[in-house]
$ cat input-v5.cif   # mmCIF, C-alpha atoms
data_structure
loop_
_atom_site.label_atom_id
_atom_site.label_comp_id
_atom_site.auth_asym_id
_atom_site.auth_seq_id
_atom_site.Cartn_x
_atom_site.Cartn_y
_atom_site.Cartn_z
CA LEU A 18 270.33 104.73 167.51
CA ALA A 19 272.14 101.71 168.96
CA MET A 20 275.50 103.38 168.29
CA ALA A 21 274.57 106.89 169.49
CA ARG A 22 276.40 108.02 172.62
CA GLY A 23 275.12 111.56 173.14
CA THR A 24 272.58 112.94 175.59
CA TYR A 25 270.33 113.98 172.71
CA ILE A 26 269.70 112.51 169.28
CA ALA A 27 268.75 114.73 166.35
CA HIS A 28 267.63 113.42 162.98
CA LEU A 29 268.52 114.91 159.61
CA ASP A 30 266.99 113.60 156.39
CA GLY A 31 269.53 113.51 153.58
CA ASP A 32 267.76 116.17 151.54
CA ASP A 33 266.82 118.62 154.31
CA LEU A 34 268.78 121.57 155.72
CA TRP A 35 269.49 122.71 159.28
CA HIS A 36 270.07 126.30 160.36
CA PRO A 37 273.51 126.52 162.05
CA GLU A 38 271.86 127.35 165.43
CA LYS A 39 269.24 124.57 165.31
CA ILE A 40 270.92 122.16 167.73
CA ALA A 41 271.87 124.91 170.20
CA VAL A 42 268.25 126.16 170.19
CA GLN A 43 266.94 122.63 170.78
CA VAL A 44 269.41 121.89 173.59
CA ASP A 45 268.39 125.16 175.25
CA ALA A 46 264.71 124.17 174.94
CA ALA A 47 265.45 120.68 176.31
CA ARG A 48 267.05 122.28 179.36
CA ARG A 49 264.09 124.65 179.84
CA PHE A 50 261.60 121.80 179.39
CA PRO A 51 263.32 118.76 180.98
CA GLU A 52 260.00 116.87 181.02
CA ALA A 53 259.83 116.92 177.19
CA GLY A 54 260.25 113.64 175.36
CA MET A 55 261.03 115.48 172.13
CA VAL A 56 261.94 119.00 171.04
CA VAL A 57 260.52 120.04 167.66
CA VAL A 58 261.59 123.21 165.84
CA ASP A 59 259.72 125.01 163.10
CA GLY A 60 261.07 125.85 159.66
CA HIS A 61 260.07 126.15 156.03
CA LYS A 62 259.35 123.94 153.05
CA PHE A 63 261.26 124.62 149.85
CA ARG A 64 261.45 123.23 146.36
CA GLU A 65 263.80 123.87 143.50
CA ASP A 66 261.03 125.32 141.28
CA GLY A 67 259.00 127.51 143.62
CA PRO A 68 258.89 129.90 146.57
CA ASP A 69 259.54 128.84 150.16
CA GLU A 70 256.50 127.99 152.28
CA PRO A 71 256.90 129.05 155.95
CA GLY A 72 255.61 126.99 158.85
CA LEU A 73 256.29 123.26 159.18
CA ILE A 74 254.30 122.81 162.41
CA ARG A 75 250.66 122.76 161.39
CA GLY A 76 247.22 122.28 162.89
CA ALA A 77 246.20 123.18 166.43
CA VAL A 78 249.78 122.93 167.72
CA GLY A 79 251.00 125.27 164.97
CA ALA A 80 248.29 127.78 165.88
CA ARG A 81 249.24 127.58 169.55
CA LEU A 82 252.91 127.98 168.74
CA ALA A 83 252.16 131.15 166.77
CA THR A 84 250.92 132.81 169.98
CA ALA A 85 253.37 131.15 172.39
CA PRO A 86 256.07 132.99 174.32
CA GLU A 87 259.33 133.55 172.46
CA GLY A 88 260.98 130.39 173.84
CA GLY A 89 258.21 128.06 172.71
CA LEU A 90 255.89 125.77 174.59
CA CYS A 91 255.78 122.28 176.05
CA VAL A 92 252.44 120.47 175.78
CA GLN A 93 250.75 117.12 176.01
CA CYS A 94 249.73 116.49 172.42
CA TYR A 95 248.86 112.81 172.04
CA ASP A 96 245.30 113.68 170.99
CA ALA A 97 246.60 116.16 168.40
CA VAL A 98 248.99 113.53 167.00
CA MET A 99 246.12 111.03 166.76
CA ARG A 100 244.06 113.58 164.80
CA GLY A 101 246.75 114.17 162.21
CA HIS A 102 250.41 114.50 161.48
CA PHE A 103 251.47 118.10 162.08
CA VAL A 104 255.26 117.82 161.92
CA ALA A 105 256.65 117.79 158.37
CA THR A 106 259.99 116.01 158.74
CA PRO A 107 262.08 114.11 161.31
CA SER A 108 264.73 116.76 160.64
CA GLN A 109 262.72 118.89 163.09
CA PHE A 110 263.15 116.36 165.95
CA MET A 111 265.62 116.17 168.78
CA VAL A 112 264.99 113.41 171.33
CA PRO A 113 266.71 112.80 174.66
CA ALA A 114 268.58 109.50 174.30
CA ALA A 115 266.96 108.34 177.55
CA VAL A 116 263.57 108.42 175.79
CA TYR A 117 264.81 105.96 173.16
CA HIS A 118 266.16 103.74 175.93
CA VAL A 119 262.63 103.61 177.38
CA LEU A 120 260.62 103.37 174.14
CA GLY A 121 262.99 101.53 171.83
CA PRO A 122 263.94 102.33 168.23
CA TRP A 123 261.82 103.47 165.31
CA GLU A 124 259.36 100.95 163.87
CA THR A 125 261.20 99.73 160.77
CA ARG A 126 258.21 97.83 159.36
CA LEU A 127 256.75 101.23 158.42
CA ARG A 128 258.53 102.59 155.37
CA LEU A 129 256.93 106.03 155.06
CA ILE A 130 255.52 107.00 158.45
CA SER A 131 257.93 105.54 160.98
CA ASP A 132 258.57 109.12 162.15
CA SER A 133 254.84 109.58 162.80
CA GLU A 134 254.75 106.34 164.76
CA MET A 135 257.69 107.45 166.89
CA LEU A 136 256.06 110.85 167.47
CA LEU A 137 252.87 109.07 168.54
CA ARG A 138 254.78 106.76 170.89
CA ILE A 139 256.62 109.66 172.50
CA ALA A 140 253.47 111.79 172.79
CA LEU A 141 251.70 108.96 174.60
CA ARG A 142 254.21 109.13 177.49
CA TYR A 143 255.77 112.60 177.42
CA PRO A 144 254.90 116.21 176.67
CA ILE A 145 256.58 117.61 173.56
CA ALA A 146 258.38 120.95 173.35
CA PHE A 147 257.86 123.14 170.27
CA VAL A 148 260.14 126.04 169.33
CA PRO A 149 259.18 128.77 166.83
CA GLY A 150 261.60 130.08 164.26
CA ASP A 151 263.06 129.04 160.94
CA TYR A 152 265.53 126.29 161.89
CA VAL A 153 264.83 123.55 159.30
CA GLY A 154 264.54 123.62 155.55
CA TYR A 155 262.31 120.74 154.44
CA ARG A 156 263.09 119.99 150.82
CA TYR A 157 260.16 118.84 148.72
CA LEU A 158 261.14 116.47 145.93
CA PRO A 159 258.50 114.55 143.98
CA SER A 160 261.06 111.76 143.60
CA SER A 161 261.56 111.29 147.36
CA ILE A 162 260.45 108.14 149.17
CA SER A 163 257.08 109.78 149.91
CA GLY A 164 256.45 110.45 146.23
CA PRO A 165 254.68 113.40 144.60
CA GLU A 166 252.37 115.59 146.72
CA GLU A 167 249.31 114.42 144.81
CA THR A 168 249.71 110.83 146.06
CA ARG A 169 251.45 111.27 149.44
CA GLY A 170 248.23 111.28 151.45
CA PHE A 171 247.20 108.00 149.86
CA SER A 172 250.62 106.38 150.34
CA TRP A 173 250.83 107.49 153.96
CA GLY A 174 247.25 106.34 154.52
CA LEU A 175 248.18 102.80 153.47
CA GLU A 176 250.61 102.67 156.40
CA LEU A 177 248.25 104.36 158.84
CA PHE A 178 246.29 101.18 159.61
CA PRO A 179 249.36 99.05 160.47
CA MET A 180 250.66 101.94 162.62
CA LEU A 181 247.41 102.16 164.54
CA ARG A 182 247.44 98.38 165.00
CA PHE A 183 250.80 98.73 166.78
CA HIS A 184 249.08 101.06 169.23
#
$ encode --input "input-v5.cif" --output "structure tokens"
Amino acid sequence: LAMARGTYIAHLDGDDLWHPEKIAVQVDAARRFPEAGMVVVDGHKFREDGPDEPGLIRGAVGARLATAPEGGLCVQCYDAVMRGHFVATPSQFMVPAAVYHVLGPWETRLRLISDSEMLLRIALRYPIAFVPGDYVGYRYLPSSISGPEETRGFSWGLELFPMLRFH
């Protein structure tokens, strides 16, 4: 982040995939929703040994997005973020660089949920824009830093208390 020079900063995990139009779609949404502190696109989860699972934006925001106008929506969602993580991967994020200048970098003391902490910090001060469509492929690997699905909730939960202490 300290070396980034662009107007927007988009994150891509090393094992995820972006649709070729992802950035253009997010820049368009950022222009339509200049008040947004983050633009999040939807996508799908995939694994090498199974079918794709559509819909990376879950919970109440995911339900609202399903009925939103074609271009998406921009909402205050701090309460929704506090109730649960509903964005699957930082590969869905694009953040105006000015937001990082105000809020600072990601919290590096959190190994697994630093993206959730950043989402929470942004949602506290800004509305967040959400865009429907299949723009990110979130690759599930049991060997990733988050570990196998069966234990991810537990692992993430161990970092939840330090994250909430920061806030």
$ closest_residue --input "input-v5.cif" --among "A:Pro122, A:Gly101, A:Pro113, A:Gly154" --to "Met55 of chain A" --atoms "all atoms listed in the file"
A:Pro113
$ closest_residue --input "input-v5.cif" --among "A:Ala46, A:Leu127, A:Leu158, A:Met180" --to "Glu65 of chain A" --atoms "all atoms listed in the file"
A:Leu158
$ residues_near_point --input "input-v5.cif" --point "(251.0, 95.8, 161.2)" --cutoff "12 Å" --atoms "only C-alpha atoms" --output "list in words"
Glu124, Thr125, Arg126, Leu127, Arg128, Ser131, Glu134, Leu175, Glu176, Leu177, Phe178, Pro179, Met180, Leu181, Arg182, Phe183 and His184 of chain A
$ resolve_selection --input "input-v5.cif" --expression "the PyMOL selection byres ((chain A and resi 42) around 12)" --output "PyMOL selection string"
chain A and resi 35-41+43-49+56-59+87-89+109-111+146-153
$ closest_residue --input "input-v5.cif" --among "A:Met99, A:Cys94, A:Ala19, A:Ala77" --to "Arg142 of chain A" --atoms "all atoms listed in the file"
A:Cys94
$ atom_distance --input "input-v5.cif" --atom1 "atom CA of Leu29 of chain A" --atom2 "atom CA of Ala80 of chain A"
24.8 Å
$ resolve_selection --input "input-v5.cif" --expression "the PyMOL selection byres ((chain A and resi 61) around 6)" --output "list in words"
Gly60, Lys62, Glu70, Pro71, Gly72, Leu73 and Gly154 of chain A
$ atom_distance --input "input-v5.cif" --atom1 "atom CA of Gly121 of chain A" --atom2 "atom CA of Leu136 of chain A"
12.4 Å
$ resolve_selection --input "input-v5.cif" --expression "the PyMOL selection byres ((chain A and resi 92) around 9)" --output "ChimeraX atom specification"
/A:53,78,90-91,93-94,143-147
$ atom_distance --input "input-v5.cif" --atom1 "atom CA of Asp69 of chain A" --atom2 "atom CA of Leu82 of chain A"
19.7 Å
$ closest_residue --input "input-v5.cif" --among "A:Ala114, A:Thr84, A:Leu137, A:Ile74" --to "Arg100 of chain A" --atoms "all atoms listed in the file"
A:Leu137
$ residues_near_point --input "input-v5.cif" --point "(264.5, 113.3, 178.6)" --cutoff "7 Å" --atoms "only C-alpha atoms" --output "PyMOL selection string"
chain A and resi 51-54+113+115-116
$ closest_residue --input "input-v5.cif" --among "A:Tyr117, A:Tyr155, A:Gly79, A:Ala21" --to "Ala105 of chain A" --atoms "all atoms listed in the file"
A:Tyr155
$ axis_aligned_box --input "input-v5.cif" --around "segment 36-40 of chain A" --padding-each-side "4 Å" --output "lines of an AutoDock Vina configuration file"
center_x = 271.4
center_y = 124.8
center_z = 164.0
size_x = 12.3
size_y = 13.2
size_z = 15.4
$ closest_residue --input "input-v5.cif" --among "A:Val104, A:Ala97, A:Leu34, A:Ala27" --to "Ile130 of chain A" --atoms "only C-alpha atoms"
A:Val104
$ residues_around --input "input-v5.cif" --residues "Tyr95 of chain A" --least-positions-apart "2" --cutoff "6 Å" --atoms "all atoms listed in the file" --output "PDB file with C-alpha atoms, in the frame of the given file"
ATOM      1  CA  ALA A  97     246.600 116.160 168.400  1.00  0.00           C
ATOM      2  CA  VAL A  98     248.990 113.530 167.000  1.00  0.00           C
ATOM      3  CA  ALA A 140     253.470 111.790 172.790  1.00  0.00           C
ATOM      4  CA  LEU A 141     251.700 108.960 174.600  1.00  0.00           C
TER       5      LEU A 141
END
$ decode --input "input-v5.cif" --residues "segment 59-74 of chain A" --atoms "N, CA, C and O atoms" --output "mmCIF file, in the first residue's frame"
data_model
loop_
_atom_site.group_PDB
_atom_site.id
_atom_site.type_symbol
_atom_site.label_atom_id
_atom_site.label_comp_id
_atom_site.auth_asym_id
_atom_site.auth_seq_id
_atom_site.Cartn_x
_atom_site.Cartn_y
_atom_site.Cartn_z
ATOM 1 N N ASP A 59 -19.255 -9.400 -6.795
ATOM 2 C CA ASP A 59 -19.622 -10.777 -6.494
ATOM 3 C C ASP A 59 -18.818 -11.718 -7.392
ATOM 4 O O ASP A 59 -18.066 -11.281 -8.269
ATOM 5 N N GLY A 60 -18.999 -13.005 -7.180
ATOM 6 C CA GLY A 60 -18.280 -13.999 -7.966
ATOM 7 C C GLY A 60 -18.719 -15.390 -7.589
ATOM 8 O O GLY A 60 -19.854 -15.608 -7.180
ATOM 9 N N HIS A 61 -17.785 -16.331 -7.680
ATOM 10 C CA HIS A 61 -18.093 -17.722 -7.376
ATOM 11 C C HIS A 61 -16.914 -18.366 -6.660
ATOM 12 O O HIS A 61 -15.778 -17.922 -6.775
ATOM 13 N N LYS A 62 -17.223 -19.419 -5.916
ATOM 14 C CA LYS A 62 -16.200 -20.216 -5.245
ATOM 15 C C LYS A 62 -15.983 -21.464 -6.090
ATOM 16 O O LYS A 62 -16.945 -22.050 -6.584
ATOM 17 N N PHE A 63 -14.718 -21.850 -6.258
ATOM 18 C CA PHE A 63 -14.450 -23.064 -7.010
ATOM 19 C C PHE A 63 -13.355 -23.873 -6.328
ATOM 20 O O PHE A 63 -12.591 -23.358 -5.536
ATOM 21 N N ARG A 64 -13.367 -25.132 -6.615
ATOM 22 C CA ARG A 64 -12.355 -26.051 -6.096
ATOM 23 C C ARG A 64 -11.990 -27.003 -7.220
ATOM 24 O O ARG A 64 -12.762 -27.193 -8.152
ATOM 25 N N GLU A 65 -10.843 -27.595 -7.096
ATOM 26 C CA GLU A 65 -10.368 -28.494 -8.152
ATOM 27 C C GLU A 65 -11.237 -29.749 -8.262
ATOM 28 O O GLU A 65 -11.364 -30.327 -9.330
ATOM 29 N N ASP A 66 -11.877 -30.170 -7.154
ATOM 30 C CA ASP A 66 -12.571 -31.457 -7.136
ATOM 31 C C ASP A 66 -14.088 -31.349 -7.028
ATOM 32 O O ASP A 66 -14.746 -32.284 -6.595
ATOM 33 N N GLY A 67 -14.657 -30.207 -7.411
ATOM 34 C CA GLY A 67 -16.104 -30.093 -7.267
ATOM 35 C C GLY A 67 -16.679 -28.993 -8.131
ATOM 36 O O GLY A 67 -15.954 -28.257 -8.797
ATOM 37 N N PRO A 68 -18.009 -28.864 -8.107
ATOM 38 C CA PRO A 68 -18.665 -27.837 -8.928
ATOM 39 C C PRO A 68 -18.472 -26.439 -8.337
ATOM 40 O O PRO A 68 -18.207 -26.271 -7.145
ATOM 41 N N ASP A 69 -18.605 -25.434 -9.190
ATOM 42 C CA ASP A 69 -18.558 -24.042 -8.741
ATOM 43 C C ASP A 69 -19.763 -23.740 -7.859
ATOM 44 O O ASP A 69 -20.841 -24.304 -8.054
ATOM 45 N N GLU A 70 -19.573 -22.843 -6.897
ATOM 46 C CA GLU A 70 -20.651 -22.399 -6.026
ATOM 47 C C GLU A 70 -20.843 -20.900 -6.261
ATOM 48 O O GLU A 70 -19.966 -20.109 -5.928
ATOM 49 N N PRO A 71 -21.963 -20.474 -6.852
ATOM 50 C CA PRO A 71 -22.171 -19.055 -7.132
ATOM 51 C C PRO A 71 -22.448 -18.258 -5.859
ATOM 52 O O PRO A 71 -22.900 -18.794 -4.853
ATOM 53 N N GLY A 72 -22.127 -16.979 -5.914
ATOM 54 C CA GLY A 72 -22.488 -16.060 -4.841
ATOM 55 C C GLY A 72 -21.487 -15.969 -3.720
ATOM 56 O O GLY A 72 -21.505 -16.772 -2.799
ATOM 57 N N LEU A 73 -20.590 -14.991 -3.787
ATOM 58 C CA LEU A 73 -19.599 -14.777 -2.728
ATOM 59 C C LEU A 73 -20.065 -13.764 -1.680
ATOM 60 O O LEU A 73 -19.507 -13.717 -0.602
ATOM 61 N N ILE A 74 -21.044 -12.950 -2.023
ATOM 62 C CA ILE A 74 -21.576 -11.963 -1.070
ATOM 63 C C ILE A 74 -22.787 -12.604 -0.411
ATOM 64 O O ILE A 74 -23.782 -12.897 -1.059
#
